[in-house]
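Coordinates from input_9.txt are shown below (compact mmCIF, C-alpha atoms and all ligand atoms).
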```txt
# COMPACT_ATOMS: atom_id res chain seq x y z
CA MET A 229 29.16 185.64 -12.63
CA ILE A 230 31.91 186.62 -10.24
CA CYS A 231 30.56 188.88 -7.60
CA LYS A 232 32.82 191.88 -6.96
CA SER A 233 30.41 193.89 -4.90
CA THR A 234 30.59 191.71 -1.83
CA THR A 235 33.01 189.62 0.12
CA ILE A 236 32.88 185.94 -0.79
CA LYS A 237 33.41 183.62 2.14
CA ASP A 238 33.39 179.87 1.90
CA SER A 239 30.60 178.75 4.21
CA LYS A 240 30.52 175.15 2.93
CA GLY A 241 31.70 173.54 6.14
CA LEU A 242 28.61 173.54 8.35
CA LEU A 243 26.01 173.36 5.58
CA GLY A 244 27.67 170.30 4.05
CA ARG A 245 27.22 168.51 7.37
CA LEU A 246 23.51 169.27 7.75
CA PRO A 247 20.98 166.77 6.33
CA THR A 248 18.93 167.73 3.30
CA LEU A 249 15.43 169.06 4.05
CA LYS A 250 12.45 168.08 1.94
CA ALA A 251 10.72 171.18 0.62
CA ASP A 252 6.92 171.09 0.40
CA VAL A 253 5.66 170.53 -3.13
CA PRO A 254 3.82 173.79 -3.92
CA GLU A 255 0.27 174.21 -5.22
CA PHE A 256 1.61 175.69 -8.47
CA VAL A 257 4.75 174.59 -10.32
CA PHE A 258 6.21 176.23 -13.41
CA ILE A 259 7.93 174.39 -16.26
CA ALA A 260 10.05 176.40 -18.71
CA THR A 261 8.96 176.14 -22.32
CA ASP A 262 12.45 177.03 -23.58
CA ASN A 263 16.01 177.42 -22.41
CA ALA A 264 19.41 178.62 -23.63
CA ARG A 265 20.04 175.48 -25.71
CA CYS A 266 16.48 175.18 -27.04
CA PRO A 267 14.95 178.62 -27.72
CA ALA A 268 11.74 177.32 -29.38
CA SER A 269 9.08 174.90 -28.22
CA GLU A 270 5.83 173.13 -28.91
CA VAL A 271 3.42 172.55 -26.01
CA TYR A 272 1.17 169.50 -26.21
CA VAL A 273 -1.30 170.43 -23.44
CA LYS A 274 -3.87 173.22 -23.20
CA GLU A 275 -5.58 174.96 -20.31
CA GLY A 276 -7.78 172.57 -18.37
CA ASP A 277 -5.93 169.41 -19.43
CA HIS A 278 -5.12 166.92 -16.68
CA VAL A 279 -1.46 165.88 -16.43
CA LYS A 280 0.50 163.27 -14.49
CA ILE A 281 4.05 163.30 -13.14
CA GLY A 282 6.54 162.39 -15.85
CA GLN A 283 4.05 162.96 -18.67
CA VAL A 284 5.51 164.55 -21.80
CA ILE A 285 3.71 167.89 -22.13
CA GLY A 286 5.83 169.50 -24.83
CA LEU A 287 9.07 169.62 -26.76
CA ARG A 288 11.87 172.20 -26.56
CA LYS A 289 13.58 172.74 -29.88
CA GLY A 290 17.10 173.98 -30.55
CA PRO A 291 19.49 174.04 -33.50
CA PHE A 292 21.29 170.90 -32.26
CA PHE A 293 18.98 169.24 -29.73
CA GLU A 294 15.37 168.60 -28.87
CA GLN A 295 14.25 168.00 -25.30
CA PRO A 296 10.90 166.54 -24.21
CA ILE A 297 9.23 168.68 -21.52
CA HIS A 298 7.84 166.68 -18.57
CA ALA A 299 5.21 167.52 -15.95
CA THR A 300 6.55 167.36 -12.39
CA VAL A 301 3.22 167.20 -10.54
CA SER A 302 -0.12 165.60 -11.24
CA GLY A 303 -2.90 168.13 -11.68
CA THR A 304 -4.15 170.63 -14.25
CA MET A 305 -2.51 172.85 -16.83
CA VAL A 306 -3.81 176.33 -15.96
CA GLY A 307 -1.91 178.60 -18.36
CA TYR A 308 1.41 180.38 -18.75
CA GLU A 309 3.43 182.88 -16.69
CA LYS A 310 6.72 184.65 -17.25
CA HIS A 311 9.44 184.19 -14.62
CA TYR A 312 13.20 184.48 -14.52
CA HIS A 313 15.11 181.46 -15.75
CA ARG A 314 18.59 180.42 -14.57
CA SER A 315 19.93 182.23 -17.64
CA GLY A 316 18.78 185.47 -15.95
CA LYS A 317 16.20 186.02 -18.73
CA LEU A 318 12.42 186.27 -18.46
CA VAL A 319 11.07 183.05 -19.94
CA ASN A 320 7.63 181.61 -20.58
CA PHE A 321 6.66 178.89 -18.07
CA ILE A 322 3.79 176.40 -18.25
CA LYS A 323 1.77 176.73 -15.03
CA LEU A 324 0.52 173.48 -13.48
CA GLN A 325 -1.85 173.32 -10.52
CA ASN A 326 -0.95 170.44 -8.23
CA ASP A 327 -3.78 168.08 -7.20
CA PHE A 328 -1.44 166.54 -4.59
CA LYS A 329 -2.38 163.03 -5.76
CA GLU A 330 1.21 162.36 -6.91
CA GLU A 331 -0.02 160.24 -9.84
CA TRP A 332 2.74 159.10 -12.19
CA ASP A 333 2.33 158.73 -15.91
CA PRO A 334 2.10 155.00 -16.79
CA SER A 335 5.17 155.33 -19.04
CA CYS A 336 7.31 155.87 -15.92
CA SER A 337 7.48 152.24 -14.88
CA PRO A 338 10.55 150.33 -13.65
CA ARG A 339 12.69 148.22 -15.99
CA SER A 340 13.68 144.74 -14.97
CA ASP A 341 17.37 144.01 -14.42
CA GLU A 342 17.17 141.51 -17.30
CA GLU A 343 15.89 144.23 -19.63
CA ILE A 344 18.63 146.62 -18.52
CA ALA A 345 21.32 143.96 -18.92
CA LYS A 346 20.51 143.80 -22.66
CA LEU A 347 21.03 147.54 -23.22
CA ASP A 348 23.95 148.72 -25.32
CA ARG A 349 25.31 152.28 -25.56
CA LYS A 350 22.66 153.21 -28.13
CA GLY A 351 19.88 151.78 -25.98
CA PHE A 352 21.02 153.83 -22.97
CA ALA A 353 21.22 156.95 -25.16
CA GLU A 354 17.61 156.49 -26.35
CA ILE A 355 16.33 156.19 -22.76
CA LEU A 356 18.26 159.27 -21.63
CA LYS A 357 17.08 161.29 -24.63
CA ALA A 358 13.43 160.36 -23.98
CA ASN A 359 13.81 161.36 -20.32
CA SER A 360 15.48 164.64 -21.22
CA SER A 361 18.55 163.84 -19.13
CA VAL A 362 20.99 166.76 -19.02
CA GLY A 363 24.11 167.74 -17.09
CA LEU A 364 22.74 168.51 -13.63
CA GLY A 365 25.92 170.18 -12.41
CA GLY A 366 24.67 173.26 -14.25
CA SER A 367 25.94 172.57 -17.77
CA SER A 368 22.50 171.38 -18.99
CA PHE A 369 24.35 169.58 -21.81
CA PRO A 370 22.19 166.68 -23.11
CA THR A 371 23.54 163.48 -21.55
CA TYR A 372 22.65 161.24 -24.47
CA VAL A 373 25.07 163.10 -26.73
CA LYS A 374 27.99 161.80 -24.66
CA PHE A 375 26.68 158.27 -25.31
CA GLN A 376 26.79 158.80 -29.06
CA THR A 377 30.56 158.61 -29.22
CA GLU A 378 31.98 155.53 -30.89
CA ALA A 379 35.33 156.08 -29.21
CA LYS A 380 36.86 153.33 -27.05
CA ILE A 381 36.42 154.53 -23.47
CA GLY A 382 38.98 153.52 -20.84
CA THR A 383 38.05 155.82 -17.95
CA ILE A 384 34.77 157.08 -16.48
CA LEU A 385 35.03 160.12 -14.20
CA VAL A 386 32.26 161.19 -11.83
CA ASN A 387 32.63 164.83 -10.89
CA ALA A 388 31.74 165.38 -7.23
CA ILE A 389 34.29 168.16 -6.76
CA GLU A 390 31.80 171.03 -6.43
CA CYS A 391 34.58 173.57 -6.29
CA GLU A 392 32.65 176.85 -6.07
CA PRO A 393 32.29 178.48 -2.64
CA TYR A 394 29.08 178.03 -0.62
CA ILE A 395 27.50 175.16 -2.62
CA THR A 396 27.17 171.78 -0.89
CA ALA A 397 24.34 170.07 -2.80
CA ASP A 398 26.66 167.51 -4.44
CA HIS A 399 28.33 166.91 -1.08
CA ARG A 400 24.96 165.91 0.35
CA ILE A 401 24.12 163.78 -2.70
CA MET A 402 27.39 161.93 -2.15
CA LEU A 403 26.30 161.13 1.40
CA GLU A 404 22.60 160.55 0.81
CA GLU A 405 22.39 158.79 -2.58
CA MET A 406 25.30 156.35 -2.35
CA GLU A 407 23.47 153.32 -3.73
CA LYS A 408 22.10 155.27 -6.71
CA ILE A 409 25.56 156.65 -7.48
CA ILE A 410 26.94 153.11 -7.61
CA GLY A 411 23.93 152.00 -9.67
CA GLY A 412 24.44 154.86 -12.14
CA ILE A 413 28.16 154.09 -12.44
CA ARG A 414 27.36 150.44 -13.19
CA TYR A 415 25.11 151.55 -16.06
CA LEU A 416 27.92 153.77 -17.35
CA GLN A 417 30.37 150.87 -17.13
CA GLN A 418 27.95 148.72 -19.12
CA ALA A 419 27.22 151.40 -21.71
CA PHE A 420 30.87 152.24 -22.33
CA ASP A 421 32.19 148.72 -21.77
CA CYS A 422 34.66 150.23 -19.34
CA LYS A 423 35.63 149.01 -15.89
CA ASN A 424 37.70 151.96 -14.59
CA ALA A 425 35.49 154.48 -12.80
CA TYR A 426 36.71 157.21 -10.47
CA ILE A 427 34.55 159.38 -8.24
CA CYS A 428 36.49 162.65 -7.96
CA VAL A 429 36.29 164.70 -4.75
CA LYS A 430 38.41 167.43 -3.24
CA ALA A 431 41.17 166.08 -1.01
CA LYS A 432 40.03 168.27 1.87
CA TYR A 433 36.63 166.55 2.13
CA THR A 434 37.84 164.03 4.67
CA ASP A 435 34.27 162.99 5.59
CA LEU A 436 33.59 161.87 1.99
CA ARG A 437 36.95 160.16 1.76
CA GLN A 438 36.34 158.24 4.99
CA VAL A 439 32.76 157.27 4.14
CA TYR A 440 33.58 156.21 0.58
CA GLY A 441 36.84 154.57 1.63
CA ALA A 442 34.75 152.13 3.69
CA PHE A 443 31.75 151.97 1.32
CA LEU A 444 33.72 151.24 -1.85
CA LYS A 445 35.43 148.21 -0.30
CA ARG A 446 32.24 146.35 -1.25
CA TYR A 447 32.86 147.25 -4.89
CA LYS A 448 36.60 146.72 -5.01
CA ASP A 449 36.30 144.09 -7.72
CA GLU A 450 34.10 146.33 -9.86
CA GLY A 451 36.73 148.96 -10.63
CA ILE A 452 34.97 151.83 -8.80
CA LYS A 453 37.40 154.00 -6.84
CA LEU A 454 37.55 157.37 -5.14
CA LYS A 455 40.02 159.92 -6.48
CA ALA A 456 41.07 162.83 -4.28
CA VAL A 457 42.01 165.88 -6.36
CA GLY A 458 43.34 169.35 -5.51
CA ASN A 459 41.53 171.80 -3.27
CA PHE A 460 41.82 174.74 -5.61
CA TYR A 461 39.33 176.48 -7.91
CA PRO A 462 38.41 175.66 -10.70
CA GLN A 463 39.26 172.03 -10.03
CA GLY A 464 35.68 171.05 -10.95
CA TRP A 465 36.17 172.37 -14.48
CA GLU A 466 36.10 169.30 -16.71
CA ILE A 467 39.55 169.86 -18.19
CA ALA A 468 41.19 170.52 -14.79
CA MET A 469 39.51 167.47 -13.24
CA ILE A 470 40.63 165.18 -16.07
CA ARG A 471 44.19 166.41 -15.76
CA SER A 472 44.25 165.92 -11.98
CA ALA A 473 42.56 162.52 -12.07
CA THR A 474 44.33 160.98 -15.07
CA GLY A 475 47.32 163.18 -15.90
CA ILE A 476 45.89 163.70 -19.40
CA LYS A 477 45.76 167.24 -20.72
CA ILE A 478 42.88 167.70 -23.17
CA PRO A 479 43.93 170.32 -25.73
CA SER A 480 41.54 173.14 -26.52
CA GLY A 481 39.00 172.15 -29.19
CA HIS A 482 39.16 168.42 -28.39
CA LEU A 483 36.70 166.17 -26.57
CA PRO A 484 37.60 163.98 -23.58
CA SER A 485 36.21 160.98 -25.47
CA GLU A 486 39.02 161.40 -28.02
CA PHE A 487 41.32 160.49 -25.14
CA GLY A 488 39.20 157.58 -23.93
CA ILE A 489 37.46 159.53 -21.15
CA VAL A 490 33.82 160.35 -20.37
CA ASP A 491 32.82 162.41 -17.35
CA PHE A 492 29.52 163.14 -15.63
CA ASN A 493 28.51 165.25 -12.67
CA VAL A 494 27.48 163.15 -9.66
CA SER A 495 23.89 164.51 -9.72
CA THR A 496 23.70 163.53 -13.38
CA VAL A 497 24.79 159.99 -12.46
CA VAL A 498 21.89 159.76 -9.98
CA GLY A 499 19.58 161.09 -12.72
CA ILE A 500 20.92 158.45 -15.14
CA TYR A 501 20.13 155.74 -12.58
CA ASP A 502 16.52 156.93 -12.13
CA SER A 503 16.09 157.34 -15.86
CA VAL A 504 17.31 153.83 -16.72
CA LYS A 505 15.91 151.92 -13.73
CA TYR A 506 12.55 153.67 -13.33
CA ASN A 507 12.17 155.35 -16.73
CA ARG A 508 11.66 158.64 -14.89
CA PRO A 509 12.80 162.13 -15.87
CA VAL A 510 14.29 164.37 -13.19
CA THR A 511 11.33 165.67 -11.18
CA ASP A 512 13.14 166.55 -7.94
CA ARG A 513 16.61 167.85 -7.33
CA LEU A 514 18.85 168.81 -4.46
CA ILE A 515 19.78 172.48 -4.23
CA SER A 516 21.63 174.73 -1.79
CA ILE A 517 20.02 177.97 -0.65
CA THR A 518 22.93 179.69 0.98
CA GLY A 519 25.12 182.78 1.31
CA ASP A 520 25.77 185.29 4.06
CA GLY A 521 22.56 187.19 3.28
CA ILE A 522 20.13 184.37 4.14
CA ARG A 523 19.05 183.64 7.71
CA TYR A 524 19.26 179.82 7.76
CA PRO A 525 21.22 178.39 4.81
CA SER A 526 19.83 174.96 3.91
CA ASN A 527 19.99 172.17 1.37
CA PHE A 528 16.63 171.10 0.01
CA LYS A 529 15.25 168.28 -2.06
CA VAL A 530 12.83 170.26 -4.14
CA ARG A 531 10.30 169.61 -6.90
CA VAL A 532 11.37 171.00 -10.27
CA GLY A 533 9.14 174.00 -10.97
CA THR A 534 9.09 175.34 -7.39
CA PRO A 535 9.31 179.15 -7.04
CA ILE A 536 12.61 180.09 -5.40
CA ARG A 537 10.88 182.78 -3.33
CA SER A 538 9.12 180.04 -1.31
CA LEU A 539 12.49 178.41 -0.56
CA LEU A 540 13.96 181.73 0.60
CA GLU A 541 11.02 182.06 2.99
CA ARG A 542 11.60 178.50 4.21
CA CYS A 543 15.17 179.58 5.05
CA GLY A 544 13.83 182.31 7.36
CA GLY A 545 14.15 185.08 4.77
CA TYR A 546 16.95 187.62 4.44
CA LYS A 547 19.30 188.10 7.39
CA HIS A 548 19.55 191.86 6.82
CA PRO A 549 16.37 192.84 4.91
CA GLU A 550 17.41 196.49 4.99
CA LYS A 551 20.53 195.85 2.86
CA ASP A 552 20.61 195.56 -0.92
CA LYS A 553 20.89 191.97 -2.05
CA ILE A 554 22.80 190.11 -4.72
CA LEU A 555 21.08 186.91 -5.83
CA ILE A 556 23.10 184.41 -7.79
CA LEU A 557 21.78 181.29 -9.44
CA GLY A 558 24.65 178.80 -9.42
CA GLY A 559 28.00 179.50 -7.80
CA PRO A 560 29.41 182.97 -7.03
CA MET A 561 32.14 182.47 -9.64
CA MET A 562 30.23 181.08 -12.63
CA GLY A 563 26.56 181.56 -11.74
CA ALA A 564 24.16 184.12 -13.16
CA SER A 565 23.03 187.13 -11.16
CA LEU A 566 19.28 187.51 -10.91
CA PRO A 567 17.43 190.79 -11.19
CA SER A 568 14.81 189.50 -8.71
CA ASP A 569 13.91 186.47 -6.58
CA ASP A 570 11.03 185.74 -8.97
CA CYS A 571 12.85 182.73 -10.31
CA ILE A 572 11.99 179.05 -10.69
CA VAL A 573 13.88 175.88 -9.83
CA THR A 574 14.68 174.12 -13.09
CA LYS A 575 16.46 170.79 -13.06
CA THR A 576 19.85 172.44 -13.66
CA VAL A 577 19.63 174.92 -10.77
CA THR A 578 22.26 173.77 -8.26
CA SER A 579 22.00 176.64 -5.81
CA VAL A 580 20.80 180.11 -4.99
CA ILE A 581 23.30 182.33 -3.21
CA VAL A 582 22.11 185.40 -1.34
CA LEU A 583 24.75 188.00 -0.53
CA ASP A 584 24.57 191.45 1.04
CA ALA A 585 25.88 194.03 -1.43
CA GLU A 586 29.01 195.97 -0.47
CA GLU A 587 30.13 198.35 -3.18
CA HIS A 588 33.77 198.34 -4.27
CA LYS A 589 34.74 201.14 -6.62
CA GLU A 590 36.38 200.02 -9.85
CA GLU A 591 39.93 201.46 -10.20
CA PRO A 592 42.18 201.70 -13.28
CA CYS A 593 44.22 198.62 -14.20
CA ILE A 594 47.64 198.67 -12.51
CA ARG A 595 49.09 195.91 -14.74
CA CYS A 596 49.70 193.67 -11.76
CA GLY A 597 49.38 190.55 -13.93
CA SER A 598 47.22 188.66 -11.40
CA CYS A 599 44.55 187.91 -14.00
CA LEU A 600 47.16 186.46 -16.37
CA LEU A 601 48.65 184.25 -13.66
CA SER A 602 45.25 182.97 -12.53
CA CYS A 603 43.65 182.09 -15.85
CA PRO A 604 43.26 178.28 -16.04
CA ALA A 605 42.73 178.50 -19.81
CA GLY A 606 46.10 180.20 -20.34
CA LEU A 607 44.56 183.41 -21.69
CA GLU A 608 45.69 187.02 -21.31
CA PRO A 609 42.60 188.62 -19.76
CA LYS A 610 44.04 192.13 -19.46
CA GLN A 611 45.12 192.12 -23.12
CA ILE A 612 41.68 190.89 -24.16
CA MET A 613 40.06 193.63 -22.10
CA ASP A 614 42.24 196.25 -23.78
CA ALA A 615 41.40 194.89 -27.24
CA VAL A 616 37.68 195.01 -26.41
CA LYS A 617 37.95 198.59 -25.18
CA ALA A 618 39.75 199.52 -28.40
CA MET A 619 37.14 197.57 -30.45
CA ASP A 620 40.10 195.91 -32.19
CA LYS A 621 38.34 192.87 -33.66
CA LYS A 622 41.49 191.41 -35.22
CA ARG A 623 43.40 191.57 -31.93
CA VAL A 624 40.43 190.16 -30.00
CA LYS A 625 40.36 187.13 -32.30
CA GLU A 626 44.14 186.64 -32.00
CA LEU A 627 43.79 186.44 -28.22
CA LYS A 628 41.36 183.47 -28.52
CA PRO A 629 38.67 184.49 -25.99
CA MET A 630 36.50 181.52 -27.05
CA ARG A 631 38.78 179.34 -24.93
CA CYS A 632 37.56 181.17 -21.80
CA VAL A 633 35.51 178.90 -19.51
CA GLU A 634 34.04 181.88 -17.65
CA CYS A 635 35.43 180.66 -14.33
CA GLY A 636 35.46 184.27 -13.08
CA LEU A 637 38.95 184.07 -11.58
CA CYS A 638 40.28 187.08 -13.51
CA THR A 639 37.60 189.23 -11.91
CA TYR A 640 38.03 187.65 -8.50
CA VAL A 641 41.77 188.31 -8.32
CA CYS A 642 41.72 191.78 -9.88
CA THR A 643 43.24 194.20 -7.39
CA SER A 644 41.46 197.08 -9.12
CA HIS A 645 38.00 195.45 -8.76
CA ILE A 646 37.55 195.43 -12.54
CA HIS A 647 34.88 193.09 -13.91
CA VAL A 648 37.41 191.53 -16.25
CA THR A 649 35.25 188.49 -17.04
CA ASP A 650 32.55 190.78 -18.43
CA TYR A 651 35.09 192.06 -20.97
CA ILE A 652 36.00 188.48 -21.91
CA ARG A 653 32.32 187.70 -22.50
CA ARG A 654 32.08 190.77 -24.74
CA ALA A 655 35.23 189.58 -26.52
CA LYS A 656 33.52 186.27 -27.25
CA THR A 657 30.67 188.13 -28.93
CA ILE A 658 33.16 190.20 -30.95
CA ALA A 659 35.17 187.09 -31.91
CA LYS A 660 32.04 185.57 -33.46
CA LEU A 661 31.60 188.55 -35.81
CA PRO A 662 32.59 187.94 -39.44
S1 LIG A 701 39.69 184.70 -18.99
FE1 LIG A 701 38.02 183.25 -18.66
S2 LIG A 701 39.01 181.33 -18.11
FE2 LIG A 701 40.53 182.97 -17.85
S3 LIG A 701 40.34 183.58 -15.70
FE3 LIG A 701 38.99 184.93 -16.86
S4 LIG A 701 37.00 183.93 -16.78
FE4 LIG A 701 38.51 182.36 -16.18
S1 LIG A 702 44.26 191.76 -12.36
FE1 LIG A 702 43.17 193.67 -12.79
S2 LIG A 702 44.68 195.27 -12.32
FE2 LIG A 702 45.82 193.34 -12.52
S3 LIG A 702 46.45 193.28 -14.68
FE3 LIG A 702 44.52 192.17 -14.54
S4 LIG A 702 42.98 193.75 -15.03
FE4 LIG A 702 44.85 194.85 -14.51
```
Before anything else, please render the file you have as structure tokens.
Amino acid sequence: MICKSTTIKDSKGLLGRLPTLKADVPEFVFIATDNARCPASEVYVKEGDHVKIGQVIGLRKGPFFEQPIHATVSGTMVGYEKHYHRSGKLVNFIKLQNDFKEEWDPSCSPRSDEEIAKLDRKGFAEILKANSSVGLGGSSFPTYVKFQTEAKIGTILVNAIECEPYITADHRIMLEEMEKIIGGIRYLQQAFDCKNAYICVKAKYTDLRQVYGAFLKRYKDEGIKLKAVGNFYPQGWEIAMIRSATGIKIPSGHLPSEFGIVDFNVSTVVGIYDSVKYNRPVTDRLISITGDGIRYPSNFKVRVGTPIRSLLERCGGYKHPEKDKILILGGPMMGASLPSDDCIVTKTVTSVIVLDAEEHKEEPCIRCGSCLLSCPAGLEPKQIMDAVKAMDKKRVKELKPMRCVECGLCTYVCTSHIHVTDYIRRAKTIAKLP
């Protein structure tokens, strides 16, 4: 979502320098039974059943993947409730009442280094699949699938670029989870039999460059290096990052692994470490609650399943309660707008952005060409918009809207305040028609 009804300011600076707060684990947590990739599910527990942290309590099912569902507190299954999911849809959630005993399921026990040393790529993939590891930068793509490639890998990229405005959760992870990041990269090096690993950050983050410049000296013989990339958006887009870090341009329709590259978000790398070393699924994650509409923007380490409303309260509530609000899950460019704050932290929620609404009236297109010049996928957004308006299916298909990465730039730059990206999304739907 690119928000055109407010002014987007980049307030990363101060928030990125504040330490992460630990949010209280609530009495009730909510675990989604399904998500965008897995629309069906089977739940293994019933009302009254006792559960432990990390216990498998169900299975999400999709056309391509299945994902075990894990409890994130110990306590009792007390039923179901509907809440908004990061997709912006109302979804069924399993409701667990916390007994605050923090009892872990016995299956979540540490592996010895000797056991880990014997793992091959397939062995890592099985562990990550069982722990439901997914892209924690927001993609929610199952991690194990990337381990299924048989391609020869020559470069591992860790994406810590976090290029959207406001969000600083990955910045804090970089500063607060350094040992786990190195541990996760070592597992990736072992799994892919690849020594070259680059942690990619924006060049302007001088604090990260200084800290890692000193820290990585310890690992100079292990092939782990920091790579400073451009300061522009959408530098964190996989294809843009790969090009900046390696000079390789991945053509549309091809996978990075075909070019000897695998890439993972830095939060995912920490999740991989916990999954392999401790056999634990992601039960806590770091998220930013930020934006100009919230009183005290903060980064929190929060239990998966926590209601977002409680985190907004922890931030002192809305700065201007009398104004209409725009709530965005994810970044202001690519995130999803929420119809209400009745939403739940899932493991792929990176941030909640609260903005005060300021209406800008949409004007007719003046053919300025800004959207064309800005599109990182080389598309013609204005032409696609025209084809959608004309319901010209043939022309829509010719203009290849499926290559759009929904970065939101065409809307952001539009001088006429047109929600161009919305038209591209509609074009994608049209392009799928027979
Ligand atoms: S068409 Fe898609 S990829 Fe291009 S600028 Fe718009 S949202 Fe971004
Ligand atoms: S940026 Fe907006 S006004 Fe300019 S060509 Fe694109 S749609 Fe038209």
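Between ligand LIG 701 (chain A) and the candidates A:Ala456, A:Ile389, A:Ala659, A:Cys635, the tightest atom-to-atom separation, counting all atoms listed in the file, involves A:Cys635.
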Selection near segment 465-470 of chain A, 9 Å with all atoms listed in the file, sequence-local residues under 5 positions removed, as a VMD selection string
chain A and resid 385 387 389 391 428 457 to 458 475 to 479 484 489 491 604 633 635
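Between atom CA of Val580 of chain A and atom CA of Ile556 of chain A the interatomic distance comes to 5.6 Å.
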Which protein, DNA or RNA residues have an atom within 9 Å of ligand LIG 701 (chain A), counting only C-alpha atoms and all ligand atoms, as a ChimeraX atom specification?
/A:230,462,561-562,599-610,612,629-641,648-653
Enumerate as an MDAnalysis selection string the residues within 6 Å of ligand LIG 702 (chain A), counting only C-alpha atoms and all ligand atoms.
chainID A and resid 593:599 610 641:644 646
Quick one: residues within 7 Å of Val494 of chain A, all atoms listed in the file counted, chain neighbours fewer than 2 positions away excluded, as a list of chain:residue names?
A:Val386, A:Asn387, A:Ala388, A:Asp398, A:Phe492, A:Thr496, A:Val497, A:Val498
Serialized selection, C-alpha atoms, as a short mmCIF file (atom, residue, chain, number, x, y, z; two decimals), in the frame of the given file:
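The resulting file, selection-v3.cif, is reproduced below:
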```cif
data_model
loop_
_atom_site.label_atom_id
_atom_site.label_comp_id
_atom_site.auth_asym_id
_atom_site.auth_seq_id
_atom_site.Cartn_x
_atom_site.Cartn_y
_atom_site.Cartn_z
CA VAL A 386 32.26 161.19 -11.83
CA ASN A 387 32.63 164.83 -10.89
CA ALA A 388 31.74 165.38 -7.23
CA ASP A 398 26.66 167.51 -4.44
CA PHE A 492 29.52 163.14 -15.63
CA THR A 496 23.70 163.53 -13.38
CA VAL A 497 24.79 159.99 -12.46
CA VAL A 498 21.89 159.76 -9.98
#
```
As AutoDock Vina command-line options, what would the box around segment 453-460 of chain A look like: edges along x, y and z, 4 Å added on every side, centre and edge lengths in Å to one decimal?
```
--center_x 40.4 --center_y 164.4 --center_z -5.1 --size_x 13.9 --size_y 28.7 --size_z 11.6
```
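Distance-wise, atom CA of Ile572 of chain A and atom CA of Asp262 of chain A end up 13.1 Å apart.
Picture a line from atom CA of Gly366 of chain A to atom CA of Glu486 of chain A; it runs 23.2 Å.
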